[in-house]
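The file work-v4.cif comes next; it holds mmCIF, N, CA and C atoms.
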data_input
#
loop_
_atom_site.group_PDB
_atom_site.id
_atom_site.type_symbol
_atom_site.label_atom_id
_atom_site.label_comp_id
_atom_site.auth_asym_id
_atom_site.auth_seq_id
_atom_site.Cartn_x
_atom_site.Cartn_y
_atom_site.Cartn_z
ATOM 1 N N MET A 6 -24.572 -0.323 95.888
ATOM 2 C CA MET A 6 -25.463 -1.457 95.757
ATOM 3 C C MET A 6 -25.653 -2.070 97.141
ATOM 4 N N GLU A 7 -26.892 -2.309 97.498
ATOM 5 C CA GLU A 7 -27.201 -2.910 98.800
ATOM 6 C C GLU A 7 -26.655 -4.317 98.877
ATOM 7 N N GLN A 8 -26.322 -4.736 100.073
ATOM 8 C CA GLN A 8 -25.864 -6.102 100.276
ATOM 9 C C GLN A 8 -27.036 -7.048 100.070
ATOM 10 N N ASP A 9 -26.855 -8.046 99.245
ATOM 11 C CA ASP A 9 -27.875 -9.058 98.976
ATOM 12 C C ASP A 9 -27.228 -10.402 99.255
ATOM 13 N N PRO A 10 -27.771 -11.157 100.186
ATOM 14 C CA PRO A 10 -27.155 -12.439 100.511
ATOM 15 C C PRO A 10 -27.131 -13.416 99.342
ATOM 16 N N GLY A 11 -27.925 -13.173 98.298
ATOM 17 C CA GLY A 11 -27.949 -14.058 97.147
ATOM 18 C C GLY A 11 -26.903 -13.726 96.104
ATOM 19 N N ILE A 12 -26.097 -12.693 96.339
ATOM 20 C CA ILE A 12 -25.069 -12.306 95.381
ATOM 21 C C ILE A 12 -23.700 -12.519 96.018
ATOM 22 N N SER A 13 -22.878 -13.315 95.347
ATOM 23 C CA SER A 13 -21.543 -13.589 95.883
ATOM 24 C C SER A 13 -20.678 -12.337 95.804
ATOM 25 N N GLU A 14 -19.627 -12.328 96.583
ATOM 26 C CA GLU A 14 -18.693 -11.198 96.562
ATOM 27 C C GLU A 14 -18.030 -11.069 95.195
ATOM 28 N N GLU A 15 -17.745 -12.206 94.555
ATOM 29 C CA GLU A 15 -17.134 -12.182 93.224
ATOM 30 C C GLU A 15 -18.079 -11.528 92.217
ATOM 31 N N LEU A 16 -19.349 -11.906 92.258
ATOM 32 C CA LEU A 16 -20.333 -11.318 91.355
ATOM 33 C C LEU A 16 -20.533 -9.843 91.670
ATOM 34 N N ARG A 17 -20.612 -9.501 92.928
ATOM 35 C CA ARG A 17 -20.791 -8.109 93.344
ATOM 36 C C ARG A 17 -19.621 -7.248 92.821
ATOM 37 N N ALA A 18 -18.414 -7.761 92.959
ATOM 38 C CA ALA A 18 -17.242 -7.018 92.510
ATOM 39 C C ALA A 18 -17.255 -6.850 90.991
ATOM 40 N N ALA A 19 -17.630 -7.898 90.264
ATOM 41 C CA ALA A 19 -17.702 -7.808 88.806
ATOM 42 C C ALA A 19 -18.807 -6.838 88.380
ATOM 43 N N LEU A 20 -19.947 -6.870 89.043
ATOM 44 C CA LEU A 20 -21.031 -5.933 88.751
ATOM 45 C C LEU A 20 -20.583 -4.493 88.954
ATOM 46 N N ASN A 21 -19.769 -4.272 89.964
ATOM 47 C CA ASN A 21 -19.305 -2.921 90.272
ATOM 48 C C ASN A 21 -18.352 -2.364 89.224
ATOM 49 N N THR A 22 -17.848 -3.211 88.326
ATOM 50 C CA THR A 22 -16.983 -2.724 87.256
ATOM 51 C C THR A 22 -17.795 -2.228 86.062
ATOM 52 N N LEU A 23 -19.081 -2.547 86.026
ATOM 53 C CA LEU A 23 -19.941 -2.112 84.927
ATOM 54 C C LEU A 23 -20.334 -0.653 85.104
ATOM 55 N N ALA A 24 -20.690 -0.033 84.001
ATOM 56 C CA ALA A 24 -21.227 1.333 84.048
ATOM 57 C C ALA A 24 -22.517 1.299 84.868
ATOM 58 N N PRO A 25 -22.842 2.385 85.547
ATOM 59 C CA PRO A 25 -24.042 2.395 86.399
ATOM 60 C C PRO A 25 -25.323 1.959 85.683
ATOM 61 N N LEU A 26 -25.541 2.423 84.450
ATOM 62 C CA LEU A 26 -26.750 2.022 83.726
ATOM 63 C C LEU A 26 -26.731 0.533 83.432
ATOM 64 N N ASP A 27 -25.588 0.007 83.019
ATOM 65 C CA ASP A 27 -25.474 -1.418 82.722
ATOM 66 C C ASP A 27 -25.740 -2.260 83.968
ATOM 67 N N ARG A 28 -25.159 -1.855 85.078
ATOM 68 C CA ARG A 28 -25.377 -2.566 86.341
ATOM 69 C C ARG A 28 -26.858 -2.534 86.723
ATOM 70 N N ALA A 29 -27.479 -1.365 86.578
ATOM 71 C CA ALA A 29 -28.903 -1.246 86.906
ATOM 72 C C ALA A 29 -29.743 -2.147 86.017
ATOM 73 N N LEU A 30 -29.438 -2.195 84.732
ATOM 74 C CA LEU A 30 -30.205 -3.038 83.824
ATOM 75 C C LEU A 30 -30.097 -4.516 84.202
ATOM 76 N N ILE A 31 -28.886 -4.960 84.510
ATOM 77 C CA ILE A 31 -28.691 -6.359 84.920
ATOM 78 C C ILE A 31 -29.522 -6.656 86.162
ATOM 79 N N LEU A 32 -29.405 -5.815 87.163
ATOM 80 C CA LEU A 32 -30.111 -6.064 88.419
ATOM 81 C C LEU A 32 -31.628 -5.965 88.259
ATOM 82 N N GLU A 33 -32.090 -4.993 87.507
ATOM 83 C CA GLU A 33 -33.536 -4.814 87.342
ATOM 84 C C GLU A 33 -34.158 -5.917 86.497
ATOM 85 N N ARG A 34 -33.427 -6.419 85.495
ATOM 86 C CA ARG A 34 -33.951 -7.521 84.680
ATOM 87 C C ARG A 34 -33.919 -8.835 85.463
ATOM 88 N N VAL A 35 -32.798 -9.119 86.101
ATOM 89 C CA VAL A 35 -32.613 -10.418 86.743
ATOM 90 C C VAL A 35 -33.306 -10.488 88.105
ATOM 91 N N LEU A 36 -33.032 -9.537 88.966
ATOM 92 C CA LEU A 36 -33.589 -9.597 90.323
ATOM 93 C C LEU A 36 -35.035 -9.138 90.397
ATOM 94 N N ASP A 37 -35.355 -8.068 89.668
ATOM 95 C CA ASP A 37 -36.711 -7.514 89.744
ATOM 96 C C ASP A 37 -37.635 -8.057 88.665
ATOM 97 N N GLY A 38 -37.079 -8.683 87.635
ATOM 98 C CA GLY A 38 -37.887 -9.265 86.572
ATOM 99 C C GLY A 38 -38.599 -8.245 85.702
ATOM 100 N N LEU A 39 -38.041 -7.044 85.606
ATOM 101 C CA LEU A 39 -38.685 -6.000 84.816
ATOM 102 C C LEU A 39 -38.505 -6.255 83.325
ATOM 103 N N ASP A 40 -39.530 -5.909 82.553
ATOM 104 C CA ASP A 40 -39.414 -6.033 81.105
ATOM 105 C C ASP A 40 -38.841 -4.734 80.534
ATOM 106 N N TYR A 41 -38.581 -4.745 79.234
ATOM 107 C CA TYR A 41 -37.934 -3.586 78.617
ATOM 108 C C TYR A 41 -38.839 -2.358 78.580
ATOM 109 N N ALA A 42 -40.136 -2.557 78.508
ATOM 110 C CA ALA A 42 -41.060 -1.411 78.536
ATOM 111 C C ALA A 42 -40.961 -0.694 79.881
ATOM 112 N N ALA A 43 -40.916 -1.459 80.953
ATOM 113 C CA ALA A 43 -40.784 -0.868 82.290
ATOM 114 C C ALA A 43 -39.434 -0.176 82.436
ATOM 115 N N LEU A 44 -38.389 -0.813 81.929
ATOM 116 C CA LEU A 44 -37.057 -0.209 82.001
ATOM 117 C C LEU A 44 -36.999 1.088 81.204
ATOM 118 N N ALA A 45 -37.696 1.133 80.063
ATOM 119 C CA ALA A 45 -37.731 2.348 79.245
ATOM 120 C C ALA A 45 -38.382 3.493 80.022
ATOM 121 N N CYS A 46 -39.436 3.187 80.761
ATOM 122 C CA CYS A 46 -40.095 4.208 81.576
ATOM 123 C C CYS A 46 -39.171 4.695 82.696
ATOM 124 N N ILE A 47 -38.487 3.776 83.324
ATOM 125 C CA ILE A 47 -37.607 4.114 84.448
ATOM 126 C C ILE A 47 -36.420 4.965 83.987
ATOM 127 N N HIS A 48 -35.798 4.553 82.900
ATOM 128 C CA HIS A 48 -34.542 5.175 82.475
ATOM 129 C C HIS A 48 -34.708 6.245 81.396
ATOM 130 N N GLY A 49 -35.924 6.394 80.865
ATOM 131 C CA GLY A 49 -36.159 7.419 79.863
ATOM 132 C C GLY A 49 -35.407 7.198 78.565
ATOM 133 N N ARG A 50 -35.208 5.943 78.222
ATOM 134 C CA ARG A 50 -34.514 5.568 76.988
ATOM 135 C C ARG A 50 -35.396 4.590 76.223
ATOM 136 N N PRO A 51 -35.221 4.482 74.905
ATOM 137 C CA PRO A 51 -36.016 3.525 74.128
ATOM 138 C C PRO A 51 -35.742 2.086 74.570
ATOM 139 N N ALA A 52 -36.774 1.273 74.541
ATOM 140 C CA ALA A 52 -36.655 -0.130 74.950
ATOM 141 C C ALA A 52 -35.610 -0.872 74.113
ATOM 142 N N ALA A 53 -35.569 -0.608 72.807
ATOM 143 C CA ALA A 53 -34.604 -1.287 71.935
ATOM 144 C C ALA A 53 -33.165 -0.957 72.336
ATOM 145 N N TYR A 54 -32.921 0.293 72.697
ATOM 146 C CA TYR A 54 -31.590 0.709 73.143
ATOM 147 C C TYR A 54 -31.216 -0.039 74.425
ATOM 148 N N LEU A 55 -32.159 -0.119 75.366
ATOM 149 C CA LEU A 55 -31.890 -0.784 76.642
ATOM 150 C C LEU A 55 -31.705 -2.286 76.455
ATOM 151 N N ARG A 56 -32.427 -2.875 75.522
ATOM 152 C CA ARG A 56 -32.274 -4.310 75.231
ATOM 153 C C ARG A 56 -30.853 -4.584 74.742
ATOM 154 N N THR A 57 -30.380 -3.755 73.816
ATOM 155 C CA THR A 57 -29.017 -3.916 73.295
ATOM 156 C C THR A 57 -27.999 -3.700 74.403
ATOM 157 N N ARG A 58 -28.201 -2.676 75.179
ATOM 158 C CA ARG A 58 -27.283 -2.352 76.279
ATOM 159 C C ARG A 58 -27.232 -3.492 77.295
ATOM 160 N N TYR A 59 -28.402 -4.060 77.620
ATOM 161 C CA TYR A 59 -28.478 -5.178 78.567
ATOM 162 C C TYR A 59 -27.695 -6.386 78.056
ATOM 163 N N HIS A 60 -27.893 -6.735 76.796
ATOM 164 C CA HIS A 60 -27.211 -7.914 76.259
ATOM 165 C C HIS A 60 -25.699 -7.721 76.218
ATOM 166 N N ARG A 61 -25.262 -6.514 75.897
ATOM 167 C CA ARG A 61 -23.815 -6.240 75.914
ATOM 168 C C ARG A 61 -23.259 -6.306 77.332
ATOM 169 N N ALA A 62 -24.002 -5.756 78.274
ATOM 170 C CA ALA A 62 -23.552 -5.780 79.675
ATOM 171 C C ALA A 62 -23.494 -7.210 80.192
ATOM 172 N N LYS A 63 -24.476 -8.020 79.806
ATOM 173 C CA LYS A 63 -24.511 -9.415 80.244
ATOM 174 C C LYS A 63 -23.302 -10.181 79.710
ATOM 175 N N LYS A 64 -22.952 -9.932 78.448
ATOM 176 C CA LYS A 64 -21.765 -10.585 77.868
ATOM 177 C C LYS A 64 -20.493 -10.118 78.566
ATOM 178 N N GLN A 65 -20.411 -8.827 78.835
ATOM 179 C CA GLN A 65 -19.237 -8.270 79.511
ATOM 180 C C GLN A 65 -19.094 -8.875 80.907
ATOM 181 N N LEU A 66 -20.193 -8.970 81.624
ATOM 182 C CA LEU A 66 -20.177 -9.540 82.967
ATOM 183 C C LEU A 66 -19.768 -11.012 82.919
ATOM 184 N N ALA A 67 -20.339 -11.765 81.993
ATOM 185 C CA ALA A 67 -19.999 -13.186 81.860
ATOM 186 C C ALA A 67 -18.528 -13.370 81.542
ATOM 187 N N GLN A 68 -18.002 -12.530 80.668
ATOM 188 C CA GLN A 68 -16.582 -12.630 80.314
ATOM 189 C C GLN A 68 -15.693 -12.347 81.516
ATOM 190 N N ARG A 69 -16.028 -11.342 82.282
ATOM 191 C CA ARG A 69 -15.226 -11.015 83.458
ATOM 192 C C ARG A 69 -15.264 -12.141 84.486
ATOM 193 N N LEU A 70 -16.421 -12.738 84.669
ATOM 194 C CA LEU A 70 -16.530 -13.845 85.616
ATOM 195 C C LEU A 70 -15.801 -15.085 85.101
ATOM 196 N N LYS A 71 -15.883 -15.326 83.796
ATOM 197 C CA LYS A 71 -15.208 -16.478 83.195
ATOM 198 C C LYS A 71 -13.700 -16.355 83.330
ATOM 199 N N GLU A 72 -13.203 -15.153 83.134
ATOM 200 C CA GLU A 72 -11.767 -14.921 83.240
ATOM 201 C C GLU A 72 -11.266 -15.056 84.663
ATOM 202 N N GLY A 73 -12.204 -15.026 85.600
ATOM 203 C CA GLY A 73 -11.825 -15.175 86.996
ATOM 204 C C GLY A 73 -11.044 -13.998 87.522
ATOM 205 N N GLU A 74 -11.276 -12.844 86.915
ATOM 206 C CA GLU A 74 -10.582 -11.643 87.400
ATOM 207 C C GLU A 74 -11.009 -11.345 88.810
ATOM 208 N N HIS A 75 -10.103 -10.851 89.581
ATOM 209 C CA HIS A 75 -10.406 -10.479 90.960
ATOM 210 C C HIS A 75 -10.469 -8.960 91.047
ATOM 211 N N TYR A 76 -11.519 -8.500 91.630
ATOM 212 C CA TYR A 76 -11.743 -7.067 91.754
ATOM 213 C C TYR A 76 -11.696 -6.688 93.210
ATOM 214 N N GLU A 77 -11.266 -5.460 93.451
ATOM 215 C CA GLU A 77 -11.295 -4.960 94.815
ATOM 216 C C GLU A 77 -12.731 -4.753 95.222
ATOM 217 N N VAL A 78 -13.074 -5.214 96.398
ATOM 218 C CA VAL A 78 -14.444 -5.087 96.897
ATOM 219 C C VAL A 78 -14.544 -3.896 97.801
#
As C-alpha coordinates, please, write out the structure in this file.
Amino acid sequence: MEQDPGISEELRAALNTLAPLDRALILERVLDGLDYAALACIHGRPAAYLRTRYHRAKKQLAQRLKEGEHYEV
(Lines of atoms letter the chains of each structure in order from A and count residues from 1; the text may use other names and numbers.)
(Lines give C-alpha, C1' and ligand atoms only; values in the text may rest on other atoms or scores of the structure.)
Protein backbone atom coordinates (compact mmCIF):
# COMPACT_ATOMS: atom_id res chain seq x y z
CA MET A 1 0.00 0.00 0.00
CA GLU A 2 1.38 3.39 -0.97
CA GLN A 3 2.16 5.87 1.75
CA ASP A 4 -0.74 8.29 2.15
CA PRO A 5 -0.24 11.22 4.50
CA GLY A 6 -3.95 11.07 5.37
CA ILE A 7 -3.68 7.57 6.86
CA SER A 8 -2.20 7.16 10.32
CA GLU A 9 0.35 4.45 11.02
CA GLU A 10 -2.15 2.77 13.36
CA LEU A 11 -4.80 2.65 10.63
CA ARG A 12 -2.26 1.52 8.03
CA ALA A 13 -1.13 -1.32 10.30
CA ALA A 14 -4.72 -2.41 10.99
CA LEU A 15 -5.55 -2.29 7.26
CA ASN A 16 -2.56 -4.51 6.58
CA THR A 17 -4.09 -7.24 8.76
CA LEU A 18 -7.10 -7.51 6.43
CA ALA A 19 -7.26 -9.89 3.50
CA PRO A 20 -6.10 -8.20 0.28
CA LEU A 21 -9.62 -8.03 -1.20
CA ASP A 22 -11.05 -6.61 2.02
CA ARG A 23 -8.32 -3.98 2.21
CA ALA A 24 -8.88 -3.05 -1.43
CA LEU A 25 -12.62 -2.70 -0.90
CA ILE A 26 -12.14 -0.41 2.10
CA LEU A 27 -9.66 1.79 0.26
CA GLU A 28 -11.60 1.90 -3.01
CA ARG A 29 -14.91 2.73 -1.29
CA VAL A 30 -13.55 5.28 1.17
CA LEU A 31 -10.65 6.93 -0.65
CA ASP A 32 -11.77 6.54 -4.26
CA GLY A 33 -15.52 6.76 -3.64
CA LEU A 34 -16.28 3.84 -5.94
CA ASP A 35 -19.75 2.33 -5.91
CA TYR A 36 -20.44 -1.40 -5.82
CA ALA A 37 -21.11 -1.60 -9.57
CA ALA A 38 -17.64 -0.23 -10.27
CA LEU A 39 -16.11 -2.56 -7.69
CA ALA A 40 -17.90 -5.52 -9.31
CA CYS A 41 -16.31 -4.62 -12.65
CA ILE A 42 -12.86 -4.24 -11.09
CA HIS A 43 -12.91 -7.41 -9.01
CA GLY A 44 -15.07 -9.64 -11.21
CA ARG A 45 -17.43 -10.49 -8.36
CA PRO A 46 -21.15 -9.75 -7.87
CA ALA A 47 -21.90 -6.36 -6.31
CA ALA A 48 -23.98 -7.98 -3.53
CA TYR A 49 -21.05 -10.21 -2.55
CA LEU A 50 -18.69 -7.21 -2.44
CA ARG A 51 -21.19 -5.16 -0.41
CA THR A 52 -21.35 -7.92 2.22
CA ARG A 53 -17.58 -8.35 2.17
CA TYR A 54 -17.06 -4.58 2.57
CA HIS A 55 -19.37 -4.32 5.56
CA ARG A 56 -17.71 -7.27 7.28
CA ALA A 57 -14.25 -5.83 6.62
CA LYS A 58 -15.35 -2.44 7.95
CA LYS A 59 -16.60 -4.04 11.18
CA GLN A 60 -13.40 -6.06 11.53
CA LEU A 61 -11.27 -2.95 11.00
CA ALA A 62 -13.32 -0.93 13.50
CA GLN A 63 -13.03 -3.67 16.09
CA ARG A 64 -9.27 -3.89 15.70
CA LEU A 65 -8.90 -0.13 16.03
CA LYS A 66 -11.26 -0.03 19.02
CA GLU A 67 -9.28 -2.72 20.79
CA GLY A 68 -6.19 -0.61 20.30
CA GLU A 69 -4.19 -3.56 19.10
CA HIS A 70 -0.71 -2.70 17.98
CA TYR A 71 0.51 -4.18 14.76
CA GLU A 72 3.98 -4.38 13.37
CA VAL A 73 4.39 -1.80 10.65
### Query
So which residues touch Ala29 (chain A) within 10 Å, counting only C-alpha atoms, skipping near sequence neighbours fewer than 5 positions away, as a ChimeraX atom specification?
/A:6,20,23-24,34-35,44,48,59
Determine, for each residue of region 17-41 of chain A having at least one atom at most 9 Å from an atom of region 51-58 of chain A, the closest pair of atoms and their separation in Å to one decimal, counting only C-alpha atoms; order by chain and ascending number, as CSV.
residue,atom,partner,partner_atom,distance
A:Leu26,CA,A:Arg58,CA,8.7
A:Asp27,CA,A:Arg58,CA,6.8
A:Leu30,CA,A:Leu55,CA,7.7
A:Asp40,CA,A:Ala52,CA,9.0
A:Tyr41,CA,A:Ala52,CA,5.2
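One finds CA of Ile31 (chain A) at 12.8 Å from atom C of Ala67 (chain A).
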### Task
Report the distance between atom N of Arg61 (chain A) and atom N of Arg28 (chain A) in Å, rounded to one decimal place.
10.3 Å
### Separation of CA of Cys46 (chain A) from CA of Lys63 (chain A) in Å
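Atom-to-atom, CA of Lys63 (chain A) and CA of Cys46 (chain A) are spaced 20.7 Å apart.
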### Task
Would you please work out which residue, of A:Ala62, A:Ala42, A:Ile12, A:Ile47, is nearest to Pro25 (chain A) when using only C-alpha atoms?
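Checking each candidate against Pro25 (chain A), we get A:Ala62 as the closest.
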#### Entry: Of the listed residues A:Ala19, A:Ser13, A:Gly49, A:Leu32, that which approaches Leu66 (chain A) most closely, counting only N, CA and C atoms
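Looking only at the distances to Leu66 (chain A), the closest residue turns out to be A:Ala19.
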Give, as lines of an AutoDock Vina configuration file, the centre coordinates and the x, y and z edge lengths in Å to one decimal for an axis-aligned box around all listed atoms of region 46-52 of chain A, padded by 4 Å on each side.
center_x = -37.3
center_y = 3.3
center_z = 79.3
size_x = 13.6
size_y = 16.3
size_z = 18.3
For the helix (DSSP H, G or I) assignment from backbone DSSP, which residues of chain A qualify? Please present them as a PDB file with N, CA and C atoms, keeping the file's coordinate frame.
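Final output, saved to out-v1.pdb:
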ATOM      1  N   GLU A  14     -19.627 -12.328  96.583  1.00  0.00           N
ATOM      2  CA  GLU A  14     -18.693 -11.198  96.562  1.00  0.00           C
ATOM      3  C   GLU A  14     -18.030 -11.069  95.195  1.00  0.00           C
ATOM      4  N   GLU A  15     -17.745 -12.206  94.555  1.00  0.00           N
ATOM      5  CA  GLU A  15     -17.134 -12.182  93.224  1.00  0.00           C
ATOM      6  C   GLU A  15     -18.079 -11.528  92.217  1.00  0.00           C
ATOM      7  N   LEU A  16     -19.349 -11.906  92.258  1.00  0.00           N
ATOM      8  CA  LEU A  16     -20.333 -11.318  91.355  1.00  0.00           C
ATOM      9  C   LEU A  16     -20.533  -9.843  91.670  1.00  0.00           C
ATOM     10  N   ARG A  17     -20.612  -9.501  92.928  1.00  0.00           N
ATOM     11  CA  ARG A  17     -20.791  -8.109  93.344  1.00  0.00           C
ATOM     12  C   ARG A  17     -19.621  -7.248  92.821  1.00  0.00           C
ATOM     13  N   ALA A  18     -18.414  -7.761  92.959  1.00  0.00           N
ATOM     14  CA  ALA A  18     -17.242  -7.018  92.510  1.00  0.00           C
ATOM     15  C   ALA A  18     -17.255  -6.850  90.991  1.00  0.00           C
ATOM     16  N   ALA A  19     -17.630  -7.898  90.264  1.00  0.00           N
ATOM     17  CA  ALA A  19     -17.702  -7.808  88.806  1.00  0.00           C
ATOM     18  C   ALA A  19     -18.807  -6.838  88.380  1.00  0.00           C
ATOM     19  N   LEU A  20     -19.947  -6.870  89.043  1.00  0.00           N
ATOM     20  CA  LEU A  20     -21.031  -5.933  88.751  1.00  0.00           C
ATOM     21  C   LEU A  20     -20.583  -4.493  88.954  1.00  0.00           C
ATOM     22  N   PRO A  25     -22.842   2.385  85.547  1.00  0.00           N
ATOM     23  CA  PRO A  25     -24.042   2.395  86.399  1.00  0.00           C
ATOM     24  C   PRO A  25     -25.323   1.959  85.683  1.00  0.00           C
ATOM     25  N   LEU A  26     -25.541   2.423  84.450  1.00  0.00           N
ATOM     26  CA  LEU A  26     -26.750   2.022  83.726  1.00  0.00           C
ATOM     27  C   LEU A  26     -26.731   0.533  83.432  1.00  0.00           C
ATOM     28  N   ASP A  27     -25.588   0.007  83.019  1.00  0.00           N
ATOM     29  CA  ASP A  27     -25.474  -1.418  82.722  1.00  0.00           C
ATOM     30  C   ASP A  27     -25.740  -2.260  83.968  1.00  0.00           C
ATOM     31  N   ARG A  28     -25.159  -1.855  85.078  1.00  0.00           N
ATOM     32  CA  ARG A  28     -25.377  -2.566  86.341  1.00  0.00           C
ATOM     33  C   ARG A  28     -26.858  -2.534  86.723  1.00  0.00           C
ATOM     34  N   ALA A  29     -27.479  -1.365  86.578  1.00  0.00           N
ATOM     35  CA  ALA A  29     -28.903  -1.246  86.906  1.00  0.00           C
ATOM     36  C   ALA A  29     -29.743  -2.147  86.017  1.00  0.00           C
ATOM     37  N   LEU A  30     -29.438  -2.195  84.732  1.00  0.00           N
ATOM     38  CA  LEU A  30     -30.205  -3.038  83.824  1.00  0.00           C
ATOM     39  C   LEU A  30     -30.097  -4.516  84.202  1.00  0.00           C
ATOM     40  N   ILE A  31     -28.886  -4.960  84.510  1.00  0.00           N
ATOM     41  CA  ILE A  31     -28.691  -6.359  84.920  1.00  0.00           C
ATOM     42  C   ILE A  31     -29.522  -6.656  86.162  1.00  0.00           C
ATOM     43  N   LEU A  32     -29.405  -5.815  87.163  1.00  0.00           N
ATOM     44  CA  LEU A  32     -30.111  -6.064  88.419  1.00  0.00           C
ATOM     45  C   LEU A  32     -31.628  -5.965  88.259  1.00  0.00           C
ATOM     46  N   GLU A  33     -32.090  -4.993  87.507  1.00  0.00           N
ATOM     47  CA  GLU A  33     -33.536  -4.814  87.342  1.00  0.00           C
ATOM     48  C   GLU A  33     -34.158  -5.917  86.497  1.00  0.00           C
ATOM     49  N   ARG A  34     -33.427  -6.419  85.495  1.00  0.00           N
ATOM     50  CA  ARG A  34     -33.951  -7.521  84.680  1.00  0.00           C
ATOM     51  C   ARG A  34     -33.919  -8.835  85.463  1.00  0.00           C
ATOM     52  N   VAL A  35     -32.798  -9.119  86.101  1.00  0.00           N
ATOM     53  CA  VAL A  35     -32.613 -10.418  86.743  1.00  0.00           C
ATOM     54  C   VAL A  35     -33.306 -10.488  88.105  1.00  0.00           C
ATOM     55  N   TYR A  41     -38.581  -4.745  79.234  1.00  0.00           N
ATOM     56  CA  TYR A  41     -37.934  -3.586  78.617  1.00  0.00           C
ATOM     57  C   TYR A  41     -38.839  -2.358  78.580  1.00  0.00           C
ATOM     58  N   ALA A  42     -40.136  -2.557  78.508  1.00  0.00           N
ATOM     59  CA  ALA A  42     -41.060  -1.411  78.536  1.00  0.00           C
ATOM     60  C   ALA A  42     -40.961  -0.694  79.881  1.00  0.00           C
ATOM     61  N   ALA A  43     -40.916  -1.459  80.953  1.00  0.00           N
ATOM     62  CA  ALA A  43     -40.784  -0.868  82.290  1.00  0.00           C
ATOM     63  C   ALA A  43     -39.434  -0.176  82.436  1.00  0.00           C
ATOM     64  N   LEU A  44     -38.389  -0.813  81.929  1.00  0.00           N
ATOM     65  CA  LEU A  44     -37.057  -0.209  82.001  1.00  0.00           C
ATOM     66  C   LEU A  44     -36.999   1.088  81.204  1.00  0.00           C
ATOM     67  N   ALA A  45     -37.696   1.133  80.063  1.00  0.00           N
ATOM     68  CA  ALA A  45     -37.731   2.348  79.245  1.00  0.00           C
ATOM     69  C   ALA A  45     -38.382   3.493  80.022  1.00  0.00           C
ATOM     70  N   CYS A  46     -39.436   3.187  80.761  1.00  0.00           N
ATOM     71  CA  CYS A  46     -40.095   4.208  81.576  1.00  0.00           C
ATOM     72  C   CYS A  46     -39.171   4.695  82.696  1.00  0.00           C
ATOM     73  N   ILE A  47     -38.487   3.776  83.324  1.00  0.00           N
ATOM     74  CA  ILE A  47     -37.607   4.114  84.448  1.00  0.00           C
ATOM     75  C   ILE A  47     -36.420   4.965  83.987  1.00  0.00           C
ATOM     76  N   HIS A  48     -35.798   4.553  82.900  1.00  0.00           N
ATOM     77  CA  HIS A  48     -34.542   5.175  82.475  1.00  0.00           C
ATOM     78  C   HIS A  48     -34.708   6.245  81.396  1.00  0.00           C
ATOM     79  N   ALA A  52     -36.774   1.273  74.541  1.00  0.00           N
ATOM     80  CA  ALA A  52     -36.655  -0.130  74.950  1.00  0.00           C
ATOM     81  C   ALA A  52     -35.610  -0.872  74.113  1.00  0.00           C
ATOM     82  N   ALA A  53     -35.569  -0.608  72.807  1.00  0.00           N
ATOM     83  CA  ALA A  53     -34.604  -1.287  71.935  1.00  0.00           C
ATOM     84  C   ALA A  53     -33.165  -0.957  72.336  1.00  0.00           C
ATOM     85  N   TYR A  54     -32.921   0.293  72.697  1.00  0.00           N
ATOM     86  CA  TYR A  54     -31.590   0.709  73.143  1.00  0.00           C
ATOM     87  C   TYR A  54     -31.216  -0.039  74.425  1.00  0.00           C
ATOM     88  N   LEU A  55     -32.159  -0.119  75.366  1.00  0.00           N
ATOM     89  CA  LEU A  55     -31.890  -0.784  76.642  1.00  0.00           C
ATOM     90  C   LEU A  55     -31.705  -2.286  76.455  1.00  0.00           C
ATOM     91  N   ARG A  56     -32.427  -2.875  75.522  1.00  0.00           N
ATOM     92  CA  ARG A  56     -32.274  -4.310  75.231  1.00  0.00           C
ATOM     93  C   ARG A  56     -30.853  -4.584  74.742  1.00  0.00           C
ATOM     94  N   THR A  57     -30.380  -3.755  73.816  1.00  0.00           N
ATOM     95  CA  THR A  57     -29.017  -3.916  73.295  1.00  0.00           C
ATOM     96  C   THR A  57     -27.999  -3.700  74.403  1.00  0.00           C
ATOM     97  N   ARG A  58     -28.201  -2.676  75.179  1.00  0.00           N
ATOM     98  CA  ARG A  58     -27.283  -2.352  76.279  1.00  0.00           C
ATOM     99  C   ARG A  58     -27.232  -3.492  77.295  1.00  0.00           C
ATOM    100  N   TYR A  59     -28.402  -4.060  77.620  1.00  0.00           N
ATOM    101  CA  TYR A  59     -28.478  -5.178  78.567  1.00  0.00           C
ATOM    102  C   TYR A  59     -27.695  -6.386  78.056  1.00  0.00           C
ATOM    103  N   HIS A  60     -27.893  -6.735  76.796  1.00  0.00           N
ATOM    104  CA  HIS A  60     -27.211  -7.914  76.259  1.00  0.00           C
ATOM    105  C   HIS A  60     -25.699  -7.721  76.218  1.00  0.00           C
ATOM    106  N   ARG A  61     -25.262  -6.514  75.897  1.00  0.00           N
ATOM    107  CA  ARG A  61     -23.815  -6.240  75.914  1.00  0.00           C
ATOM    108  C   ARG A  61     -23.259  -6.306  77.332  1.00  0.00           C
ATOM    109  N   ALA A  62     -24.002  -5.756  78.274  1.00  0.00           N
ATOM    110  CA  ALA A  62     -23.552  -5.780  79.675  1.00  0.00           C
ATOM    111  C   ALA A  62     -23.494  -7.210  80.192  1.00  0.00           C
ATOM    112  N   LYS A  63     -24.476  -8.020  79.806  1.00  0.00           N
ATOM    113  CA  LYS A  63     -24.511  -9.415  80.244  1.00  0.00           C
ATOM    114  C   LYS A  63     -23.302 -10.181  79.710  1.00  0.00           C
ATOM    115  N   LYS A  64     -22.952  -9.932  78.448  1.00  0.00           N
ATOM    116  CA  LYS A  64     -21.765 -10.585  77.868  1.00  0.00           C
ATOM    117  C   LYS A  64     -20.493 -10.118  78.566  1.00  0.00           C
ATOM    118  N   GLN A  65     -20.411  -8.827  78.835  1.00  0.00           N
ATOM    119  CA  GLN A  65     -19.237  -8.270  79.511  1.00  0.00           C
ATOM    120  C   GLN A  65     -19.094  -8.875  80.907  1.00  0.00           C
ATOM    121  N   LEU A  66     -20.193  -8.970  81.624  1.00  0.00           N
ATOM    122  CA  LEU A  66     -20.177  -9.540  82.967  1.00  0.00           C
ATOM    123  C   LEU A  66     -19.768 -11.012  82.919  1.00  0.00           C
ATOM    124  N   ALA A  67     -20.339 -11.765  81.993  1.00  0.00           N
ATOM    125  CA  ALA A  67     -19.999 -13.186  81.860  1.00  0.00           C
ATOM    126  C   ALA A  67     -18.528 -13.370  81.542  1.00  0.00           C
ATOM    127  N   GLN A  68     -18.002 -12.530  80.668  1.00  0.00           N
ATOM    128  CA  GLN A  68     -16.582 -12.630  80.314  1.00  0.00           C
ATOM    129  C   GLN A  68     -15.693 -12.347  81.516  1.00  0.00           C
ATOM    130  N   ARG A  69     -16.028 -11.342  82.282  1.00  0.00           N
ATOM    131  CA  ARG A  69     -15.226 -11.015  83.458  1.00  0.00           C
ATOM    132  C   ARG A  69     -15.264 -12.141  84.486  1.00  0.00           C
ATOM    133  N   LEU A  70     -16.421 -12.738  84.669  1.00  0.00           N
ATOM    134  CA  LEU A  70     -16.530 -13.845  85.616  1.00  0.00           C
ATOM    135  C   LEU A  70     -15.801 -15.085  85.101  1.00  0.00           C
ATOM    136  N   LYS A  71     -15.883 -15.326  83.796  1.00  0.00           N
ATOM    137  CA  LYS A  71     -15.208 -16.478  83.195  1.00  0.00           C
ATOM    138  C   LYS A  71     -13.700 -16.355  83.330  1.00  0.00           C
ATOM    139  N   GLU A  72     -13.203 -15.153  83.134  1.00  0.00           N
ATOM    140  CA  GLU A  72     -11.767 -14.921  83.240  1.00  0.00           C
ATOM    141  C   GLU A  72     -11.266 -15.056  84.663  1.00  0.00           C
TER     142      GLU A  72
END
